[in-house]
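Content type compact mmCIF, C-alpha atoms, from the file protein.txt:
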# COMPACT_ATOMS: atom_id res chain seq x y z
CA MET A 509 -24.00 -104.51 84.37
CA PRO A 510 -22.67 -107.75 82.84
CA PRO A 511 -19.24 -108.74 84.07
CA VAL A 512 -16.40 -108.22 81.63
CA ALA A 513 -13.83 -110.66 82.91
CA GLY A 514 -13.78 -113.67 85.15
CA ALA A 515 -17.42 -114.60 84.65
CA SER A 516 -18.41 -118.05 83.50
CA ALA A 517 -19.53 -118.60 79.93
CA GLY A 518 -22.89 -119.81 81.23
CA ALA A 519 -23.47 -116.61 83.17
CA GLY A 520 -22.63 -114.60 80.07
CA ILE A 521 -25.15 -116.52 77.99
CA ASP A 522 -27.82 -116.03 80.64
CA THR A 523 -27.09 -112.30 80.72
CA ALA A 524 -27.23 -112.12 76.91
CA ARG A 525 -30.58 -113.92 76.91
CA ALA A 526 -31.99 -111.59 79.58
CA LEU A 527 -30.81 -108.50 77.70
CA ALA A 528 -32.37 -109.79 74.49
CA HIS A 529 -35.72 -110.47 76.17
CA ALA A 530 -35.71 -107.02 77.77
CA ALA A 531 -35.24 -105.07 74.54
CA PRO A 532 -38.18 -102.63 74.35
CA ASP A 533 -38.06 -102.44 70.55
CA ALA A 534 -39.80 -105.49 69.06
CA THR A 535 -37.60 -105.64 65.95
CA LEU A 536 -34.38 -105.51 67.97
CA ARG A 537 -35.75 -108.01 70.49
CA GLU A 538 -36.46 -110.48 67.69
CA GLU A 539 -32.99 -109.96 66.19
CA LEU A 540 -31.20 -110.50 69.48
CA LEU A 541 -33.29 -113.52 70.47
CA HIS A 542 -32.34 -114.98 67.08
CA ASP A 543 -28.67 -114.36 67.89
CA VAL A 544 -29.03 -116.22 71.19
CA ALA A 545 -30.96 -119.09 69.60
CA ALA A 546 -28.39 -119.44 66.79
CA PHE A 547 -25.56 -119.52 69.35
CA LEU A 548 -27.30 -122.32 71.26
CA ALA A 549 -27.84 -124.17 67.97
CA ARG A 550 -24.13 -123.94 67.09
CA ARG A 551 -23.37 -125.43 70.50
CA GLY A 552 -25.66 -128.34 69.69
CA ASP A 553 -27.94 -127.40 72.61
CA SER A 554 -31.10 -128.90 71.16
CA ALA A 555 -33.45 -128.07 74.03
CA GLY A 556 -32.14 -124.53 74.46
CA ALA A 557 -32.15 -123.73 70.74
CA ARG A 558 -35.64 -125.14 70.22
CA SER A 559 -36.99 -123.22 73.20
CA ALA A 560 -35.45 -119.96 71.97
CA ALA A 561 -36.57 -120.58 68.38
CA ALA A 562 -40.17 -121.09 69.50
CA GLN A 563 -40.29 -117.39 70.43
CA LEU A 564 -39.35 -116.29 66.91
CA PRO A 565 -41.43 -115.78 63.76
CA PRO A 566 -41.43 -118.67 61.26
CA GLY A 567 -38.59 -117.50 59.02
CA ARG A 568 -36.13 -116.96 61.85
CA GLN A 569 -37.36 -120.11 63.59
CA ALA A 570 -36.57 -122.16 60.48
CA MET A 571 -33.06 -120.70 60.29
CA VAL A 572 -32.33 -121.69 63.89
CA LEU A 573 -33.68 -125.22 63.40
CA LEU A 574 -31.48 -125.71 60.34
CA GLU A 575 -28.46 -124.31 62.20
CA LEU A 576 -29.12 -126.84 64.94
CA ALA A 577 -29.46 -129.67 62.39
CA ALA A 578 -26.05 -128.72 60.98
CA HIS A 579 -24.39 -129.05 64.39
CA LEU A 580 -25.89 -132.32 65.59
CA PRO A 581 -23.64 -135.40 65.57
CA ASP A 582 -24.29 -138.10 62.98
CA LEU A 583 -25.76 -140.34 65.67
CA ARG A 584 -28.69 -137.94 65.88
CA SER A 585 -29.48 -137.97 62.15
CA ASN A 586 -33.15 -138.76 62.80
CA GLU A 587 -33.45 -135.59 64.85
CA ALA A 588 -31.73 -133.62 62.07
CA GLU A 589 -34.23 -134.97 59.56
CA GLN A 590 -37.13 -133.94 61.77
CA LEU A 591 -35.63 -130.48 62.16
CA ALA A 592 -35.52 -130.12 58.37
CA LEU A 593 -39.19 -131.13 58.17
CA ASP A 594 -40.08 -128.61 60.88
CA ALA A 595 -38.14 -125.95 59.00
CA GLN A 596 -40.10 -126.72 55.83
CA THR A 597 -43.33 -126.15 57.76
CA ALA A 598 -41.98 -122.84 59.05
CA LYS A 599 -40.90 -121.88 55.51
CA ALA A 600 -44.47 -122.33 54.29
CA LEU A 601 -45.59 -119.78 56.91
CA THR A 602 -42.88 -117.26 56.00
CA THR A 603 -43.96 -114.28 53.92
CA ASP A 604 -40.93 -111.96 53.89
CA TRP A 605 -37.45 -112.10 52.31
CA ARG A 606 -36.45 -114.86 54.69
CA LYS A 607 -38.45 -117.36 52.62
CA ALA A 608 -35.64 -117.32 50.03
CA ARG A 609 -32.98 -117.68 52.72
CA VAL A 610 -34.78 -120.63 54.32
CA ALA A 611 -35.14 -122.34 50.94
CA HIS A 612 -31.38 -121.90 50.46
CA LEU A 613 -30.62 -123.33 53.90
CA LEU A 614 -32.99 -126.26 53.34
CA ALA A 615 -31.15 -127.12 50.12
CA VAL A 616 -27.87 -127.11 52.04
CA ALA A 617 -29.37 -129.25 54.82
CA TYR A 618 -30.45 -131.93 52.35
CA ALA A 619 -27.11 -131.79 50.52
CA ARG A 620 -25.27 -132.22 53.82
CA ARG A 621 -27.20 -135.45 54.37
CA GLY A 622 -26.48 -136.72 50.85
CA LYS A 623 -30.00 -136.20 49.50
CA PHE A 624 -28.73 -134.42 46.42
CA ASP A 625 -31.78 -134.68 44.17
CA ALA A 626 -33.93 -133.01 46.83
CA ALA A 627 -31.20 -130.44 47.51
CA ILE A 628 -30.89 -129.48 43.84
CA ALA A 629 -34.66 -129.26 43.44
CA LEU A 630 -34.93 -127.03 46.50
CA ALA A 631 -32.08 -124.79 45.33
CA HIS A 632 -33.85 -124.21 42.03
CA THR A 633 -36.99 -123.05 43.89
CA VAL A 634 -35.19 -120.15 45.59
CA PRO A 635 -36.86 -117.02 44.18
CA ASP A 636 -34.06 -114.50 44.68
CA PRO A 637 -31.35 -114.79 41.96
CA GLU A 638 -28.37 -114.17 44.25
CA GLU A 639 -29.73 -116.41 47.00
CA LYS A 640 -30.42 -119.12 44.43
CA ALA A 641 -26.85 -118.91 43.12
CA SER A 642 -25.52 -119.20 46.67
CA ALA A 643 -27.69 -122.25 47.30
CA LEU A 644 -26.46 -123.93 44.12
CA GLN A 645 -22.85 -123.09 45.02
CA ALA A 646 -23.30 -124.72 48.45
CA VAL A 647 -24.82 -127.85 46.93
CA VAL A 648 -21.89 -128.06 44.48
CA ALA A 649 -19.50 -127.96 47.45
CA HIS A 650 -21.30 -130.85 49.16
CA LEU A 651 -21.36 -132.86 45.93
CA ASN A 652 -17.61 -132.40 45.68
CA ARG A 653 -17.10 -133.53 49.28
CA ALA A 654 -19.14 -136.63 48.52
CA GLY A 655 -17.02 -137.38 45.45
CA GLU A 656 -19.89 -136.67 43.06
CA VAL A 657 -17.64 -134.63 40.79
CA ALA A 658 -19.56 -135.12 37.54
CA LYS A 659 -22.77 -133.90 39.17
CA ALA A 660 -20.91 -131.00 40.77
CA ARG A 661 -19.52 -129.86 37.40
CA GLU A 662 -22.90 -130.15 35.77
CA LEU A 663 -24.61 -128.18 38.50
CA ALA A 664 -21.90 -125.49 38.62
CA ALA A 665 -22.43 -124.93 34.89
CA THR A 666 -26.11 -124.14 35.50
CA ILE A 667 -25.40 -121.17 37.80
CA GLU A 668 -26.41 -118.03 35.95
CA GLU A 669 -23.68 -115.51 35.12
CA ASN A 670 -25.84 -112.52 35.99
CA ARG A 671 -23.83 -109.28 36.11
CA ARG A 672 -26.72 -107.32 37.62
CA TYR A 673 -27.00 -109.63 40.64
CA GLY A 674 -23.34 -110.62 40.73
CA THR A 675 -24.01 -114.35 40.46
CA TYR A 676 -20.83 -114.82 38.42
CA ARG A 677 -19.18 -114.76 41.86
CA GLN A 678 -20.99 -117.88 43.04
CA LYS A 679 -20.34 -119.60 39.71
CA ALA A 680 -16.62 -118.81 39.92
CA ALA A 681 -16.51 -120.17 43.49
CA ALA A 682 -18.37 -123.34 42.48
CA LEU A 683 -15.99 -123.99 39.57
CA ALA A 684 -12.99 -123.30 41.81
CA ASP A 685 -14.25 -125.71 44.46
CA THR A 686 -14.72 -128.39 41.82
CA ALA A 687 -11.22 -127.72 40.49
CA GLN A 688 -9.77 -128.48 43.94
CA THR A 689 -11.65 -131.77 44.10
CA VAL A 690 -10.59 -132.78 40.59
CA HIS A 691 -6.96 -131.95 41.39
CA ALA A 692 -7.07 -133.96 44.62
CA ARG A 693 -8.42 -136.91 42.65
CA GLY A 694 -5.35 -136.88 40.41
CA ASN A 695 -6.41 -134.89 37.35
CA PRO A 696 -4.39 -131.65 37.37
CA ASP A 697 -5.04 -130.82 33.70
CA ASP A 698 -8.81 -130.93 34.15
CA ALA A 699 -8.46 -128.91 37.35
CA ALA A 700 -6.47 -126.26 35.48
CA THR A 701 -9.26 -126.00 32.89
CA LEU A 702 -11.88 -125.48 35.58
CA LEU A 703 -9.71 -122.88 37.31
CA ALA A 704 -9.26 -121.01 34.03
CA GLN A 705 -13.04 -120.98 33.56
CA ALA A 706 -13.48 -119.62 37.09
CA GLU A 707 -10.88 -116.92 36.57
CA LEU A 708 -12.54 -115.78 33.33
CA LEU A 709 -15.68 -114.98 35.34
CA LEU A 710 -13.83 -112.51 37.55
CA PRO A 711 -14.46 -108.91 36.46
CA LYS A 712 -11.55 -106.99 34.94
CA LYS A 713 -12.54 -103.88 36.92
CA PRO A 714 -13.69 -105.36 40.22
CA GLY A 715 -15.30 -103.58 43.15
CA TRP A 716 -14.75 -104.45 46.80
CA SER A 717 -17.74 -106.83 46.69
CA ASP A 718 -15.86 -109.00 44.18
CA GLY A 719 -13.16 -109.70 46.73
CA GLY A 720 -14.80 -112.92 47.90
CA ALA A 721 -14.74 -114.44 44.42
CA TYR A 722 -11.09 -113.46 43.98
CA ARG A 723 -10.29 -115.09 47.33
CA ASP A 724 -12.15 -118.29 46.43
CA VAL A 725 -10.36 -118.70 43.12
CA ALA A 726 -7.01 -117.78 44.68
CA VAL A 727 -7.25 -120.40 47.43
CA ALA A 728 -8.35 -123.02 44.90
CA ALA A 729 -5.38 -122.13 42.69
CA TYR A 730 -3.03 -122.56 45.64
CA ARG A 731 -4.48 -125.98 46.43
CA CYS A 732 -4.09 -126.95 42.78
CA GLY A 733 -0.40 -126.12 42.86
CA GLN A 734 -0.66 -122.78 41.06
CA LYS A 735 0.99 -120.70 43.78
CA GLU A 736 1.95 -117.73 41.60
CA LYS A 737 -1.60 -117.42 40.29
CA ALA A 738 -2.95 -117.74 43.80
CA PHE A 739 -0.75 -114.94 45.13
CA GLU A 740 -1.56 -112.72 42.14
CA LEU A 741 -5.33 -113.06 42.66
CA LEU A 742 -5.09 -112.72 46.42
CA THR A 743 -2.96 -109.61 46.11
CA ARG A 744 -5.70 -108.09 43.94
CA ALA A 745 -8.33 -109.02 46.51
CA GLU A 746 -6.15 -107.47 49.21
CA ALA A 747 -5.91 -104.21 47.26
CA LEU A 748 -9.72 -104.12 46.90
CA ALA A 749 -10.11 -104.45 50.67
CA GLN A 750 -7.53 -101.76 51.37
CA GLN A 751 -9.43 -99.27 49.19
CA ILE A 752 -12.57 -99.51 51.34
CA ALA A 753 -13.33 -96.38 53.35
CA GLY A 754 -16.32 -97.71 55.31
CA PRO A 755 -16.23 -99.67 58.58
CA TRP A 756 -16.66 -103.00 56.77
CA LYS A 757 -13.02 -102.67 55.71
CA VAL A 758 -12.21 -104.47 58.97
CA THR A 759 -14.31 -107.49 58.02
CA GLU A 760 -12.87 -107.61 54.52
CA LEU A 761 -9.27 -107.44 55.75
CA THR A 762 -10.09 -110.20 58.23
CA ARG A 763 -11.33 -112.37 55.36
CA ILE A 764 -8.20 -111.59 53.37
CA ALA A 765 -6.13 -112.72 56.36
CA ALA A 766 -7.98 -116.04 56.41
CA ALA A 767 -7.27 -116.55 52.71
CA TRP A 768 -3.54 -115.83 53.18
CA ARG A 769 -3.53 -118.36 56.00
CA ASP A 770 -5.18 -120.90 53.68
CA CYS A 771 -2.33 -120.21 51.26
CA ALA A 772 0.24 -120.87 54.03
CA ASP A 773 1.42 -117.27 54.32
CA VAL A 774 1.03 -116.77 58.06
CA ALA A 775 3.08 -113.56 58.11
CA ARG A 776 0.88 -111.85 55.55
CA ALA A 777 -2.24 -113.08 57.34
CA ALA A 778 -1.00 -111.53 60.58
CA ALA A 779 -0.16 -108.29 58.78
CA ARG A 780 -3.71 -107.96 57.48
CA LEU A 781 -5.18 -108.62 60.92
CA THR A 782 -2.89 -105.96 62.36
CA GLU A 783 -3.89 -103.55 59.59
CA ALA A 784 -7.54 -104.20 60.40
CA ALA A 785 -6.87 -103.50 64.08
CA VAL A 786 -5.24 -100.16 63.24
CA PHE A 787 -8.19 -99.13 61.06
CA LEU A 788 -10.63 -100.29 63.75
CA LYS A 789 -9.34 -97.59 66.11
CA THR A 790 -10.41 -94.86 63.64
CA LEU A 791 -14.09 -95.86 63.75
CA GLN A 792 -16.88 -94.37 65.83
CA PRO A 793 -17.63 -96.35 69.03
CA LEU A 794 -20.68 -98.30 67.83
CA GLU A 795 -19.14 -99.09 64.44
CA ARG A 796 -15.95 -100.11 66.21
CA ALA A 797 -17.88 -102.44 68.49
CA GLU A 798 -19.56 -104.25 65.59
CA GLU A 799 -16.40 -104.65 63.54
CA ALA A 800 -14.33 -105.63 66.58
CA LEU A 801 -16.37 -108.83 66.87
CA ALA A 802 -15.60 -109.72 63.24
CA LEU A 803 -11.90 -109.08 63.84
CA ALA A 804 -12.01 -111.12 67.04
CA GLN A 805 -13.31 -114.08 65.07
CA GLY A 806 -10.44 -113.66 62.63
CA TRP A 807 -7.87 -113.63 65.42
CA ALA A 808 -9.49 -116.66 67.05
CA LEU A 809 -8.91 -118.62 63.84
CA ALA A 810 -5.34 -117.39 63.49
CA GLY A 811 -3.89 -120.09 65.71
CA GLU A 812 -1.67 -120.37 68.74
CA SER A 813 1.45 -119.15 66.93
CA LEU A 814 -0.11 -115.67 66.74
CA ASP A 815 -1.72 -115.87 70.20
CA GLY A 816 -5.01 -115.49 68.40
CA LYS A 817 -7.33 -116.46 71.24
CA ALA A 818 -5.83 -113.85 73.54
CA GLN A 819 -6.10 -111.16 70.85
CA ALA A 820 -9.71 -112.14 70.24
CA ARG A 821 -10.62 -112.10 73.91
CA ALA A 822 -9.05 -108.65 74.33
CA LEU A 823 -11.16 -107.27 71.47
CA VAL A 824 -14.40 -108.71 72.85
CA THR A 825 -13.80 -107.56 76.42
CA ALA A 826 -12.99 -104.10 75.05
CA VAL A 827 -16.48 -104.01 73.50
CA LEU A 828 -18.04 -104.87 76.86
CA ALA A 829 -15.92 -102.25 78.60
CA ALA A 830 -16.99 -99.65 76.04
CA ALA A 831 -20.64 -100.59 76.59
CA ASP A 832 -20.21 -99.96 80.33
CA ARG A 833 -18.29 -96.75 79.77
CA GLU A 834 -20.65 -95.16 77.24
CA GLY A 835 -23.52 -95.28 79.72
CA ASN A 836 -26.45 -95.64 77.28
CA PRO A 837 -27.68 -99.19 77.83
CA GLU A 838 -30.27 -99.09 75.05
CA THR A 839 -27.87 -97.90 72.38
CA TRP A 840 -25.35 -100.53 73.45
CA ARG A 841 -27.78 -103.42 73.97
CA LYS A 842 -26.99 -105.10 70.64
CA PRO A 843 -23.16 -104.97 70.85
CA ARG A 844 -23.32 -106.05 74.49
CA VAL A 845 -25.42 -109.14 73.69
CA ARG A 846 -23.23 -110.08 70.75
CA ALA A 847 -20.03 -109.57 72.72
CA LEU A 848 -21.28 -111.77 75.56
CA LEU A 849 -22.10 -114.52 73.07
CA ALA A 850 -18.73 -114.09 71.37
CA LEU A 851 -16.96 -114.40 74.72
CA ALA A 852 -18.86 -117.61 75.47
CA GLU A 853 -17.93 -118.93 72.02
CA LEU A 854 -14.27 -118.20 72.67
CA SER A 855 -14.56 -120.16 75.91
CA GLY A 856 -15.72 -123.15 73.88
CA LYS A 857 -18.72 -123.68 76.10
Could you quickly redo this structure as structure tokens?
Amino acid sequence: MPPVAGASAGAGIDTARALAHAAPDATLREELLHDVAAFLARRGDSAGARSAAAQLPPGRQAMVLLELAAHLPDLRSNEAEQLALDAQTAKALTTDWRKARVAHLLAVAYARRGKFDAAIALAHTVPDPEEKASALQAVVAHLNRAGEVAKARELAATIEENRRYGTYRQKAAALADTAQTVHARGNPDDAATLLAQAELLLPKKPGWSDGGAYRDVAVAAYRCGQKEKAFELLTRAEALAQQIAGPWKVTELTRIAAAWRDCADVARAAARLTEAAVFLKTLQPLERAEEALALAQGWALAGESLDGKAQARALVTAVLAAADREGNPETWRKPRVRALLALAELSGK
């Protein structure tokens, strides 16, 4: 069995890779190999990520290559460009729902490199309405970072306000992101107008899935100096998360905590993480294992003042201990692999 504590990060990654390869179910094997490849890509391990990606079908392969491109240093921009070209080839061979996701990620990859015309064109080719809106939102964010505010505003305005697919959420986030940029550039009145437009897109009777849009607008309001508005919107998002009965309540509370931290309320952020931890204990073992990894990530980002890394490590090692204790290696293969990768990520190696 994989060691829980005291093992090197490298040994954990090797164990995760071996467990992924040994999965008897082809669909699970593919999913776990993708997890390993994406982890290696986030580490900037070009050789390892490419080798792992080569074992995956085109859609997943493209996702890994684009993840790797996003984590290469600027000095390796030529390699990043080649990765994007390779991902385009893989996209052409993709026939399932991942084709839309790859098109989205390609748009982001080109935007990240400042090739905005290509990025916008690619975003508009995404066939799925929600995926397309997400791609456009991401390109808007990169335009803002590059100081291309006029283009960002223009592009944000083109995002469809589709109630059926919920794309008003991405439009609200894009407008809010632009508002932050405009405010930082010394135009608070214009920023306030954009924020008001974003807020108008938020539904009056939201469901839990609207929480992300509320968080985005709230954080933007805080950064634009509208603290009362920020706290009002974030309190509403918090209430939406607290009403969730399913296991994903843990993930939503973790996201709420991150937003409170962005709004400089560390105490409230810690309270939401603690609330998530309490709810986590009520879940069935496998559900608890999956959500524990999301909560661990939240604690890891919480900072030294909250001893976040130690909290995160305790959650992840508890998943590995549960996998050993439950005694059904096949049922626990997925959480074990993901926990080993999470532990390696926490080690920063």
Proximity of stretch 686-753 of chain A to stretch 627-647 of chain A: per-residue shortest pair, 12 Å limit, all atoms listed in the file, as CSV:
residue,atom,partner,partner_atom,distance
A:Thr686,CA,A:Gln645,CA,10.2
A:Ala721,CA,A:Gln645,CA,11.9
A:Asp724,CA,A:Gln645,CA,11.8
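Rounded to one decimal, atom CA of A:His650 and atom CA of A:Val616 lie 8.1 Å from each other.
Going from atom CA of A:Gln678 to atom CA of A:Ala778 covers 27.3 Å.
Nearest to A:Leu851 of all the residues A:Arg744, A:Arg693, A:His579, A:Arg821 is A:Arg821, counting all atoms listed in the file.
Of the listed residues (A:Ala626, A:Ala561, A:Ala818, A:Ala802), A:Ala802 comes nearest to A:Ala850; the distances count only C-alpha atoms.
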### Task
Up to 6 Å from (-14.3, -114.4, 51.5) in the file's coordinates: name the residues, counting all atoms listed in the file, as a count of residues only.
3
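Shell of stretch 595-609 of chain A at 8 Å, with only C-alpha atoms counted and residues fewer than 2 places along the chain excluded, is Pro566, Gly567, Arg568, Gln569, Ala570, Met571, Leu573, Leu574, Leu591, Ala592, Leu593, Ala611, His612, Leu613, Leu614, Val634, Pro635, Asp636, Glu639 and Lys640 of chain A.
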Please produce a file of the residues just selected, as a PDB file, keeping the file's coordinate frame, where the atoms kept are C-alpha atoms.
ATOM      1  CA  PRO A 566     -41.430-118.670  61.260  1.00  0.00           C
ATOM      2  CA  GLY A 567     -38.590-117.500  59.020  1.00  0.00           C
ATOM      3  CA  ARG A 568     -36.130-116.960  61.850  1.00  0.00           C
ATOM      4  CA  GLN A 569     -37.360-120.110  63.590  1.00  0.00           C
ATOM      5  CA  ALA A 570     -36.570-122.160  60.480  1.00  0.00           C
ATOM      6  CA  MET A 571     -33.060-120.700  60.290  1.00  0.00           C
ATOM      7  CA  LEU A 573     -33.680-125.220  63.400  1.00  0.00           C
ATOM      8  CA  LEU A 574     -31.480-125.710  60.340  1.00  0.00           C
ATOM      9  CA  LEU A 591     -35.630-130.480  62.160  1.00  0.00           C
ATOM     10  CA  ALA A 592     -35.520-130.120  58.370  1.00  0.00           C
ATOM     11  CA  LEU A 593     -39.190-131.130  58.170  1.00  0.00           C
ATOM     12  CA  ALA A 611     -35.140-122.340  50.940  1.00  0.00           C
ATOM     13  CA  HIS A 612     -31.380-121.900  50.460  1.00  0.00           C
ATOM     14  CA  LEU A 613     -30.620-123.330  53.900  1.00  0.00           C
ATOM     15  CA  LEU A 614     -32.990-126.260  53.340  1.00  0.00           C
ATOM     16  CA  VAL A 634     -35.190-120.150  45.590  1.00  0.00           C
ATOM     17  CA  PRO A 635     -36.860-117.020  44.180  1.00  0.00           C
ATOM     18  CA  ASP A 636     -34.060-114.500  44.680  1.00  0.00           C
ATOM     19  CA  GLU A 639     -29.730-116.410  47.000  1.00  0.00           C
ATOM     20  CA  LYS A 640     -30.420-119.120  44.430  1.00  0.00           C
TER      21      LYS A 640
END
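Going from atom CA of A:Ala665 over to atom CA of A:Ala699, you cover 14.7 Å.
Summary of the local environment: counting all atoms listed in the file, residues at most 9 Å from A:Lys817, other than itself and those fewer than 5 positions away along its chain, are A:Ala804, A:Gln805, A:Trp807, A:Ala808, A:Leu809, A:Ala810, A:Gly811, A:Glu812, A:Ala822, A:Leu854.
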Write to file, as a PDB file, in the coordinates of the input, the residues of the selection just made, with C-alpha atoms.
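The file below, part-v2.pdb, is the result:
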ATOM      1  CA  ALA A 804     -12.010-111.120  67.040  1.00  0.00           C
ATOM      2  CA  GLN A 805     -13.310-114.080  65.070  1.00  0.00           C
ATOM      3  CA  TRP A 807      -7.870-113.630  65.420  1.00  0.00           C
ATOM      4  CA  ALA A 808      -9.490-116.660  67.050  1.00  0.00           C
ATOM      5  CA  LEU A 809      -8.910-118.620  63.840  1.00  0.00           C
ATOM      6  CA  ALA A 810      -5.340-117.390  63.490  1.00  0.00           C
ATOM      7  CA  GLY A 811      -3.890-120.090  65.710  1.00  0.00           C
ATOM      8  CA  GLU A 812      -1.670-120.370  68.740  1.00  0.00           C
ATOM      9  CA  ALA A 822      -9.050-108.650  74.330  1.00  0.00           C
ATOM     10  CA  LEU A 854     -14.270-118.200  72.670  1.00  0.00           C
TER      11      LEU A 854
END
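Contact shell of A:Ser717 at 10 Å (all atoms listed in the file; same-chain neighbours under 4 positions omitted): Gly674, Arg677, Ala721, Tyr722, Ala745, Leu748, Ala749 and Glu760 of chain A.
Distance check against A:Asp625 using all atoms listed in the file: of A:Arg833, A:Lys712, A:Lys659, A:Arg672, the minimum falls on A:Lys659.
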